[in-house]
>>> print(open('data_36.cif').read())   # mmCIF, C-alpha atoms
data_coords
#
loop_
_atom_site.label_atom_id
_atom_site.label_comp_id
_atom_site.auth_asym_id
_atom_site.auth_seq_id
_atom_site.Cartn_x
_atom_site.Cartn_y
_atom_site.Cartn_z
CA MET A 529 293.99 126.14 21.06
CA ILE A 530 295.11 124.83 24.45
CA VAL A 531 295.54 127.43 27.21
CA LYS A 532 297.83 126.43 30.07
CA LEU A 533 297.54 127.65 33.67
CA GLU A 534 299.99 126.81 36.42
CA ASN A 535 301.16 127.58 39.91
CA SER A 536 303.59 125.78 42.22
CA LEU A 537 301.07 123.00 43.00
CA LEU A 538 298.89 122.60 39.90
CA THR A 539 298.98 122.65 36.13
CA ALA A 540 295.77 122.96 34.12
CA GLY A 541 294.94 122.88 30.42
CA ILE A 542 291.79 124.29 28.83
CA ASP A 543 290.76 123.78 25.21
CA THR A 544 289.13 126.76 23.52
CA MET A 545 286.98 124.19 21.70
CA GLY A 546 284.16 123.95 24.19
CA ALA A 547 286.16 125.73 26.92
CA GLN A 548 286.68 122.25 28.34
CA LEU A 549 289.09 121.56 31.17
CA ILE A 550 291.22 118.84 29.57
CA SER A 551 293.97 118.47 32.16
CA LEU A 552 294.59 119.05 35.84
CA LYS A 553 297.85 117.73 37.26
CA ASP A 554 299.46 117.97 40.68
CA SER A 555 303.15 118.65 41.24
CA SER A 556 303.96 114.94 40.97
CA GLY A 557 302.41 114.79 37.49
CA THR A 558 299.30 112.80 38.43
CA GLU A 559 296.49 113.53 35.96
CA TYR A 560 293.05 114.08 37.49
CA ILE A 561 290.99 114.67 34.32
CA TRP A 562 289.88 111.93 31.91
CA GLN A 563 291.91 112.09 28.72
CA ARG A 564 289.50 112.15 25.81
CA ASP A 565 289.19 108.82 24.04
CA PRO A 566 286.78 108.72 21.07
CA ALA A 567 286.49 104.94 21.44
CA VAL A 568 285.08 105.36 24.96
CA TRP A 569 283.97 108.96 25.61
CA LYS A 570 285.23 111.72 23.35
CA ASN A 571 284.67 114.54 25.85
CA CYS A 572 286.11 115.14 29.29
CA SER A 573 284.40 118.15 30.88
CA PRO A 574 281.73 119.68 28.62
CA ILE A 575 279.96 122.89 29.61
CA LEU A 576 276.19 122.40 29.78
CA PHE A 577 274.14 125.37 28.53
CA PRO A 578 271.33 126.35 27.86
CA ILE A 579 269.94 122.91 28.73
CA VAL A 580 271.15 119.99 30.81
CA GLY A 581 270.67 116.51 29.41
CA ASN A 582 268.11 115.75 26.73
CA LEU A 583 264.78 117.29 25.83
CA ARG A 584 261.61 115.31 25.15
CA ASN A 585 261.85 114.38 21.46
CA GLY A 586 264.77 116.80 21.24
CA ALA A 587 262.59 119.88 21.44
CA VAL A 588 261.32 122.46 23.91
CA MET A 589 258.65 125.17 23.72
CA ILE A 590 259.89 128.75 24.07
CA ASP A 591 257.41 131.62 23.69
CA GLY A 592 254.96 129.35 21.90
CA GLU A 593 257.48 128.07 19.37
CA GLU A 594 259.05 124.61 19.21
CA ARG A 595 262.83 124.83 19.44
CA PHE A 596 265.29 122.00 18.85
CA ILE A 597 268.40 121.96 21.06
CA GLU A 598 270.89 119.09 21.18
CA LYS A 599 271.59 117.14 24.36
CA HIS A 600 273.45 119.28 26.92
CA GLY A 601 273.39 122.19 24.46
CA PRO A 602 275.93 122.94 21.69
CA CYS A 603 278.78 124.45 23.74
CA LYS A 604 280.91 121.30 23.70
CA SER A 605 281.41 121.55 19.93
CA LEU A 606 281.82 125.34 19.63
CA GLU A 607 285.00 127.40 19.64
CA PHE A 608 285.15 129.88 22.53
CA GLN A 609 287.04 133.16 22.31
CA LEU A 610 289.92 133.59 24.74
CA LEU A 611 288.98 136.86 26.47
CA SER A 612 291.91 137.06 28.89
CA SER A 613 294.71 134.95 30.33
CA GLY A 614 297.37 135.47 32.97
CA ASN A 615 298.26 135.13 36.65
CA GLY A 616 296.79 131.65 36.93
CA GLU A 617 293.45 132.62 35.39
CA ALA A 618 291.82 132.43 31.96
CA VAL A 619 288.42 133.60 30.70
CA PHE A 620 286.62 132.24 27.64
CA GLY A 621 283.53 133.70 25.97
CA LEU A 622 280.73 132.67 23.63
CA THR A 623 277.61 134.46 22.36
CA GLN A 624 274.38 133.39 20.71
CA GLU A 625 275.93 134.16 17.31
CA SER A 626 277.81 130.85 17.53
CA PHE A 627 274.68 128.82 18.30
CA PRO A 628 272.81 126.92 15.55
CA GLU A 629 270.00 128.92 13.98
CA GLY A 630 266.48 128.10 15.03
CA GLY A 631 267.48 126.80 18.45
CA TYR A 632 267.94 128.84 21.60
CA PRO A 633 266.42 132.27 20.78
CA TYR A 634 267.93 134.60 23.42
CA ARG A 635 270.86 137.00 23.14
CA PHE A 636 273.56 136.38 25.75
CA GLN A 637 277.23 136.05 26.48
CA LEU A 638 278.44 132.94 28.33
CA ARG A 639 281.81 133.35 30.00
CA VAL A 640 283.76 130.43 31.46
CA LYS A 641 286.45 131.38 33.97
CA TYR A 642 289.16 129.12 35.37
CA ARG A 643 291.40 130.13 38.24
CA LEU A 644 294.13 128.29 40.16
CA THR A 645 294.63 129.08 43.84
CA GLY A 646 296.96 126.81 45.78
CA LYS A 647 295.71 123.25 45.29
CA ASN A 648 292.27 124.46 44.14
CA LEU A 649 290.81 125.07 40.71
CA THR A 650 287.70 127.23 40.56
CA ALA A 651 285.53 127.18 37.44
CA VAL A 652 282.83 129.82 37.01
CA LEU A 653 279.97 129.96 34.52
CA GLU A 654 278.92 133.56 34.03
CA VAL A 655 275.75 134.33 32.03
CA GLU A 656 275.09 137.88 30.81
CA ASN A 657 271.63 138.73 29.48
CA ARG A 658 272.12 140.86 26.36
CA ASP A 659 268.50 140.54 25.26
CA ASP A 660 265.71 143.09 25.69
CA ARG A 661 263.69 140.61 27.79
CA ASP A 662 264.18 138.07 30.53
CA ILE A 663 266.02 134.92 29.47
CA TRP A 664 265.63 131.36 30.78
CA TYR A 665 268.24 128.61 30.88
CA CYS A 666 269.65 125.57 32.63
CA LEU A 667 273.37 125.05 33.07
CA GLY A 668 275.94 122.81 34.68
CA PHE A 669 279.35 121.17 34.71
CA HIS A 670 280.11 117.62 33.52
CA THR A 671 283.68 117.07 34.72
CA GLY A 672 285.15 113.61 34.18
CA PHE A 673 287.71 112.73 36.87
CA CYS A 674 290.15 109.88 36.39
CA CYS A 675 288.99 106.90 38.40
CA PRO A 676 291.20 105.18 39.29
CA LEU A 677 293.81 107.89 39.67
CA THR A 678 296.89 105.74 40.11
CA GLU A 679 298.29 102.48 38.80
CA GLY A 680 297.36 99.37 40.74
CA GLU A 681 293.95 100.70 41.75
CA VAL A 682 290.56 99.79 40.31
CA PHE A 683 287.27 101.66 40.01
CA GLU A 684 285.77 99.72 42.90
CA ASP A 685 288.49 100.99 45.27
CA TYR A 686 286.81 104.39 45.18
CA TYR A 687 283.85 105.91 46.95
CA LEU A 688 281.92 109.17 47.04
CA GLU A 689 281.54 110.91 50.37
CA PHE A 690 279.23 113.76 51.38
CA PRO A 691 280.06 115.81 54.50
CA GLU A 692 276.46 115.58 55.75
CA ILE A 693 273.86 112.82 55.86
CA GLN A 694 271.70 112.94 52.74
CA GLU A 695 268.08 113.23 53.83
CA HIS A 696 266.71 112.27 50.41
CA GLY A 697 267.43 109.48 47.97
CA TYR A 698 268.22 109.72 44.28
CA ARG A 699 266.46 109.55 40.90
CA ARG A 700 267.17 107.05 38.15
CA TYR A 701 267.14 107.75 34.44
CA ASP A 702 264.66 105.66 32.44
CA LEU A 703 266.55 104.48 29.33
CA GLU A 704 263.33 103.40 27.58
CA LYS A 705 261.44 106.66 28.07
CA LEU A 706 264.61 108.81 28.05
CA GLU A 707 263.67 110.75 31.14
CA PHE A 708 264.18 110.81 34.88
CA ASP A 709 261.45 108.85 36.62
CA MET A 710 260.14 111.26 39.27
CA SER A 711 257.52 108.81 40.52
CA LYS A 712 260.07 106.95 42.61
CA GLU A 713 262.87 107.99 44.92
CA TYR A 714 265.56 105.35 45.43
CA PRO A 715 267.26 104.96 48.81
CA PHE A 716 270.72 106.38 49.31
CA PRO A 717 273.02 103.78 47.73
CA GLY A 718 275.63 103.60 50.44
CA GLU A 719 276.71 103.70 54.04
CA ASP A 720 275.34 105.94 56.80
CA GLY A 721 273.77 108.36 54.31
CA LYS A 722 277.18 109.82 53.47
CA ARG A 723 279.37 107.30 51.65
CA ILE A 724 278.67 105.60 48.30
CA PRO A 725 281.04 102.73 47.37
CA LEU A 726 281.51 102.83 43.61
CA ASP A 727 280.25 99.92 41.57
CA ARG A 728 279.62 100.01 37.84
CA LYS A 729 276.20 98.44 38.42
CA LEU A 730 275.12 101.81 39.84
CA PHE A 731 275.33 103.20 36.29
CA ALA A 732 273.39 100.47 34.50
CA SER A 733 270.62 102.96 33.78
CA ASP A 734 272.94 105.90 33.04
CA ALA A 735 273.36 108.74 35.56
CA PHE A 736 271.97 108.81 39.06
CA TRP A 737 270.82 112.19 40.31
CA PHE A 738 270.32 113.82 43.70
CA ASP A 739 267.68 116.46 43.02
CA ARG A 740 267.57 117.54 46.69
CA PRO A 741 271.08 117.10 48.10
CA SER A 742 271.53 117.94 51.77
CA SER A 743 275.05 119.23 51.17
CA HIS A 744 276.72 120.94 48.24
CA ARG A 745 280.13 119.36 48.52
CA VAL A 746 281.29 115.84 47.70
CA SER A 747 284.61 114.00 47.65
CA LEU A 748 285.93 111.21 45.44
CA LYS A 749 288.32 109.11 47.53
CA SER A 750 290.16 105.80 47.38
CA ARG A 751 290.40 103.10 50.02
CA ALA A 752 293.64 101.92 48.38
CA GLY A 753 295.45 105.21 47.83
CA SER A 754 295.83 108.70 49.24
CA LYS A 755 294.77 110.86 46.29
CA GLY A 756 291.32 112.17 45.50
CA VAL A 757 289.27 115.30 44.82
CA GLU A 758 286.69 117.36 46.62
CA VAL A 759 284.09 119.27 44.59
CA ASP A 760 282.24 122.27 46.05
CA TYR A 761 279.13 123.18 44.06
CA ARG A 762 277.39 125.68 46.32
CA ASP A 763 275.82 127.61 43.41
CA PHE A 764 274.04 124.53 42.04
CA ASP A 765 270.81 123.02 43.32
CA THR A 766 271.49 119.43 42.32
CA VAL A 767 274.28 116.96 41.56
CA ALA A 768 274.51 113.87 39.36
CA PHE A 769 277.12 111.16 38.87
CA TRP A 770 277.83 109.28 35.65
CA THR A 771 280.18 106.85 34.00
CA MET A 772 279.84 103.83 31.72
CA THR A 773 279.58 100.21 32.76
CA SER A 774 282.58 99.29 30.58
CA GLU A 775 285.88 98.88 32.41
CA GLN A 776 287.44 100.99 29.64
CA ALA A 777 285.62 104.00 31.09
CA ARG A 778 288.24 104.87 33.69
CA PHE A 779 286.47 107.99 34.88
CA LEU A 780 283.65 109.27 37.05
CA CYS A 781 281.78 112.45 36.18
CA ILE A 782 280.70 114.72 39.03
CA GLU A 783 278.01 116.98 37.60
CA PRO A 784 276.57 119.98 39.46
CA TRP A 785 273.35 121.00 37.71
CA ASN A 786 270.78 123.75 37.74
CA GLY A 787 268.33 121.77 35.63
CA SER A 788 268.37 118.19 34.35
CA ALA A 789 267.35 115.95 31.50
CA VAL A 790 263.61 115.86 30.92
CA CYS A 791 261.66 114.62 33.95
CA SER A 792 258.54 112.48 33.90
CA ASP A 793 256.51 115.16 35.69
CA GLU A 794 257.44 118.03 33.32
CA ASP A 795 255.68 119.37 30.25
CA ASN A 796 257.66 120.67 27.25
CA GLU A 797 257.84 124.35 28.26
CA LEU A 798 261.36 125.61 28.96
CA ILE A 799 260.12 127.91 31.73
CA HIS A 800 258.61 124.90 33.54
CA LYS A 801 261.79 122.83 33.69
CA ASN A 802 263.03 121.92 37.12
CA HIS A 803 265.63 124.26 38.62
CA ILE A 804 265.36 126.58 35.58
CA ARG A 805 267.11 129.93 35.88
CA LYS A 806 265.57 133.29 34.95
CA LEU A 807 267.81 136.28 34.30
CA GLU A 808 266.49 139.80 33.85
CA LYS A 809 267.66 141.94 30.94
CA GLY A 810 270.96 143.66 31.57
CA LYS A 811 271.81 141.37 34.46
CA THR A 812 274.67 138.88 34.93
CA ALA A 813 274.64 135.71 37.06
CA SER A 814 277.60 133.58 38.17
CA TYR A 815 277.79 129.92 39.20
CA SER A 816 281.01 128.48 40.58
CA MET A 817 282.47 125.05 41.21
CA THR A 818 285.74 124.52 43.09
CA VAL A 819 287.84 121.38 42.72
CA SER A 820 290.32 120.77 45.53
CA LEU A 821 292.94 118.06 45.29
CA LEU A 822 293.18 115.69 48.24
CA VAL A 823 296.88 114.82 48.33
#
>>> encode(input="data_36.cif", output="structure tokens")
Amino acid sequence: MIVKLENSLLTAGIDTMGAQLISLKDSSGTEYIWQRDPAVWKNCSPILFPIVGNLRNGAVMIDGEERFIEKHGPCKSLEFQLLSSGNGEAVFGLTQESFPEGGYPYRFQLRVKYRLTGKNLTAVLEVENRDDRDIWYCLGFHTGFCCPLTEGEVFEDYYLEFPEIQEHGYRRYDLEKLEFDMSKEYPFPGEDGKRIPLDRKLFASDAFWFDRPSSHRVSLKSRAGSKGVEVDYRDFDTVAFWTMTSEQARFLCIEPWNGSAVCSDEDNELIHKNHIRKLEKGKTASYSMTVSLLV
């Protein structure tokens, strides 16, 4: 089921399958979200929980037991319940009962909230611990923005821009070992520590990841046009960027993460994963991302 939100400046669509944001349009009708194409990338903005990326050999140790959890977790292929909708806001929910047996062992409710305010869309991941013990998890967003946004532009017209100089470089994914290589930090791939001109060669080894960003806001802008987006991810420790090298992949994913794919310096224990989150029984934690249109 597609749930529609709108105000005078924005229209958004969310699919209850995966609680994915599948559309975000401005008042002129410009689409900002990648439209799912199974021949290129069948998703557009999957919710990442309870892991981010892949696990070593697809498995992780939890309380002494090996658990198998698919890449990014199963949320993208699960039907969420629509908990509420109205006044420019919708809330979707999922519990452990929908998860595959033998995987993630904790009891929880994951709520995904979307809210329109002016030219901003705020998405919130809310985790409620319904277990009788502490629970551990990673989580993140994986939003694919159209790039280019308008006709006549190309991917290389665009750039990423941070508001502050990035004091640290980035990590590359090792496609042979299927992990982030933490033994080497690559220099900031752009100008003045703030601006990254987009080039598909940047993604030859999959995503690139800032595990220690100096700022928690980034913009996707065009040198050829006036439209773009700004993403505020203040509740997330890290941010990654991903697309494909094919010119058919007319999108760029901006991915705020608490966690990551397996890293070269990690063992296989869930509680030892980088940027892991611990939530005490009976508690709820929220993590927000705000997308602002630059028009």
>>> residues_around(input="data_36.cif", residues="Phe690 of chain A", least_positions_apart="4", cutoff="9 Å", atoms="only C-alpha atoms", output="list in words")
Gln694, Gly721, Lys722, Arg723, Ile724, Ser742, Ser743, His744, Arg745, Val746 and Ser747 of chain A
>>> closest_atom_pairs(input="data_36.cif", of="segment 634-719 of chain A", to="segment 806-821 of chain A", cutoff="8 Å", atoms="all atoms listed in the file", output="JSON lines")
{"residue": "A:Lys647", "atom": "CA", "partner": "A:Leu821", "partner_atom": "CA", "distance": 5.9}
{"residue": "A:Asn648", "atom": "CA", "partner": "A:Ser820", "partner_atom": "CA", "distance": 4.4}
{"residue": "A:Leu649", "atom": "CA", "partner": "A:Val819", "partner_atom": "CA", "distance": 5.1}
{"residue": "A:Thr650", "atom": "CA", "partner": "A:Thr818", "partner_atom": "CA", "distance": 4.2}
{"residue": "A:Ala651", "atom": "CA", "partner": "A:Met817", "partner_atom": "CA", "distance": 5.3}
{"residue": "A:Val652", "atom": "CA", "partner": "A:Ser816", "partner_atom": "CA", "distance": 4.2}
{"residue": "A:Leu653", "atom": "CA", "partner": "A:Tyr815", "partner_atom": "CA", "distance": 5.2}
{"residue": "A:Glu654", "atom": "CA", "partner": "A:Ser814", "partner_atom": "CA", "distance": 4.3}
{"residue": "A:Val655", "atom": "CA", "partner": "A:Ala813", "partner_atom": "CA", "distance": 5.3}
{"residue": "A:Glu656", "atom": "CA", "partner": "A:Thr812", "partner_atom": "CA", "distance": 4.3}
{"residue": "A:Asn657", "atom": "CA", "partner": "A:Lys809", "partner_atom": "CA", "distance": 5.3}
{"residue": "A:Arg658", "atom": "CA", "partner": "A:Gly810", "partner_atom": "CA", "distance": 6.0}
{"residue": "A:Asp659", "atom": "CA", "partner": "A:Lys809", "partner_atom": "CA", "distance": 5.9}
{"residue": "A:Asp660", "atom": "CA", "partner": "A:Lys809", "partner_atom": "CA", "distance": 5.7}
{"residue": "A:Arg661", "atom": "CA", "partner": "A:Lys809", "partner_atom": "CA", "distance": 5.2}
{"residue": "A:Asp662", "atom": "CA", "partner": "A:Glu808", "partner_atom": "CA", "distance": 4.4}
{"residue": "A:Ile663", "atom": "CA", "partner": "A:Leu807", "partner_atom": "CA", "distance": 5.3}
{"residue": "A:Trp664", "atom": "CA", "partner": "A:Lys806", "partner_atom": "CA", "distance": 4.6}
{"residue": "A:Tyr665", "atom": "CA", "partner": "A:Lys806", "partner_atom": "CA", "distance": 6.8}
>>> resolve_selection(input="data_36.cif", expression="the PyMOL selection byres ((chain A and resi 633) around 10)", output="list of chain:residue names")
A:Ile590, A:Asp591, A:Glu593, A:Arg595, A:Gln624, A:Phe627, A:Pro628, A:Glu629, A:Gly630, A:Gly631, A:Tyr632, A:Tyr634, A:Arg635, A:Phe636, A:Asp659, A:Ile663
>>> atom_distance(input="data_36.cif", atom1="atom CA of Leu748 of chain A", atom2="atom CA of Asp720 of chain A")
16.4 Å
>>> resolve_selection(input="data_36.cif", expression="the PyMOL selection byres ((chain A and resi 677) around 9)", output="number ranges by chain")
A: 558-560, 673-676, 678-679, 681-682, 750, 753, 755-756, 778-779
>>> residues_around(input="data_36.cif", residues="Ile550 of chain A", least_positions_apart="6", cutoff="8 Å", atoms="all atoms listed in the file", output="list in words")
Ala540, Gly541, Ile542, Asp543, Ile561, Trp562, Gln563, Arg564, Cys572 and Ser573 of chain A
>>> closest_residue(input="data_36.cif", among="A:Leu688, A:Leu798, A:Val580, A:Cys666", to="Leu780 of chain A", atoms="only C-alpha atoms")
A:Leu688
>>> closest_residue(input="data_36.cif", among="A:Glu713, A:Asp727, A:Glu594, A:Glu617", to="Arg740 of chain A", atoms="only C-alpha atoms")
A:Glu713
>>> atom_distance(input="data_36.cif", atom1="atom CA of Gly621 of chain A", atom2="atom CA of Phe669 of chain A")
15.8 Å
>>> closest_residue(input="data_36.cif", among="A:Glu692, A:Glu684, A:Glu625, A:Asp709", to="Thr773 of chain A", atoms="all atoms listed in the file")
A:Glu684
>>> residues_around(input="data_36.cif", residues="Glu598 of chain A", least_positions_apart="4", cutoff="9 Å", atoms="all atoms listed in the file", output="number ranges by chain")
A: 579, 581-583, 586-587, 602, 631
>>> residues_near_point(input="data_36.cif", point="(288.5, 133.4, 25.4)", cutoff="9 Å", atoms="all atoms listed in the file", output="MDAnalysis selection string")
chainID A and resid 544 547 608:613 618:622 639:640
>>> write_last_selection(input="data_36.cif", atoms="C-alpha atoms", output="mmCIF file, in the frame of the given file")
data_model
loop_
_atom_site.group_PDB
_atom_site.id
_atom_site.type_symbol
_atom_site.label_atom_id
_atom_site.label_comp_id
_atom_site.auth_asym_id
_atom_site.auth_seq_id
_atom_site.Cartn_x
_atom_site.Cartn_y
_atom_site.Cartn_z
ATOM 1 C CA THR A 544 289.130 126.760 23.520
ATOM 2 C CA ALA A 547 286.160 125.730 26.920
ATOM 3 C CA PHE A 608 285.150 129.880 22.530
ATOM 4 C CA GLN A 609 287.040 133.160 22.310
ATOM 5 C CA LEU A 610 289.920 133.590 24.740
ATOM 6 C CA LEU A 611 288.980 136.860 26.470
ATOM 7 C CA SER A 612 291.910 137.060 28.890
ATOM 8 C CA SER A 613 294.710 134.950 30.330
ATOM 9 C CA ALA A 618 291.820 132.430 31.960
ATOM 10 C CA VAL A 619 288.420 133.600 30.700
ATOM 11 C CA PHE A 620 286.620 132.240 27.640
ATOM 12 C CA GLY A 621 283.530 133.700 25.970
ATOM 13 C CA LEU A 622 280.730 132.670 23.630
ATOM 14 C CA ARG A 639 281.810 133.350 30.000
ATOM 15 C CA VAL A 640 283.760 130.430 31.460
#
>>> residues_around(input="data_36.cif", residues="Phe731 of chain A", least_positions_apart="5", cutoff="7 Å", atoms="only C-alpha atoms", output="ChimeraX atom specification")
/A:770-773
>>> resolve_selection(input="data_36.cif", expression="the PyMOL selection byres ((chain A and resi 604) around 10)", output="PyMOL selection string")
chain A and resi 544-548+571-577+600-603+605-608
>>> closest_residue(input="data_36.cif", among="A:Thr623, A:Ser788, A:Thr539, A:Asn615", to="Phe708 of chain A", atoms="all atoms listed in the file")
A:Ser788
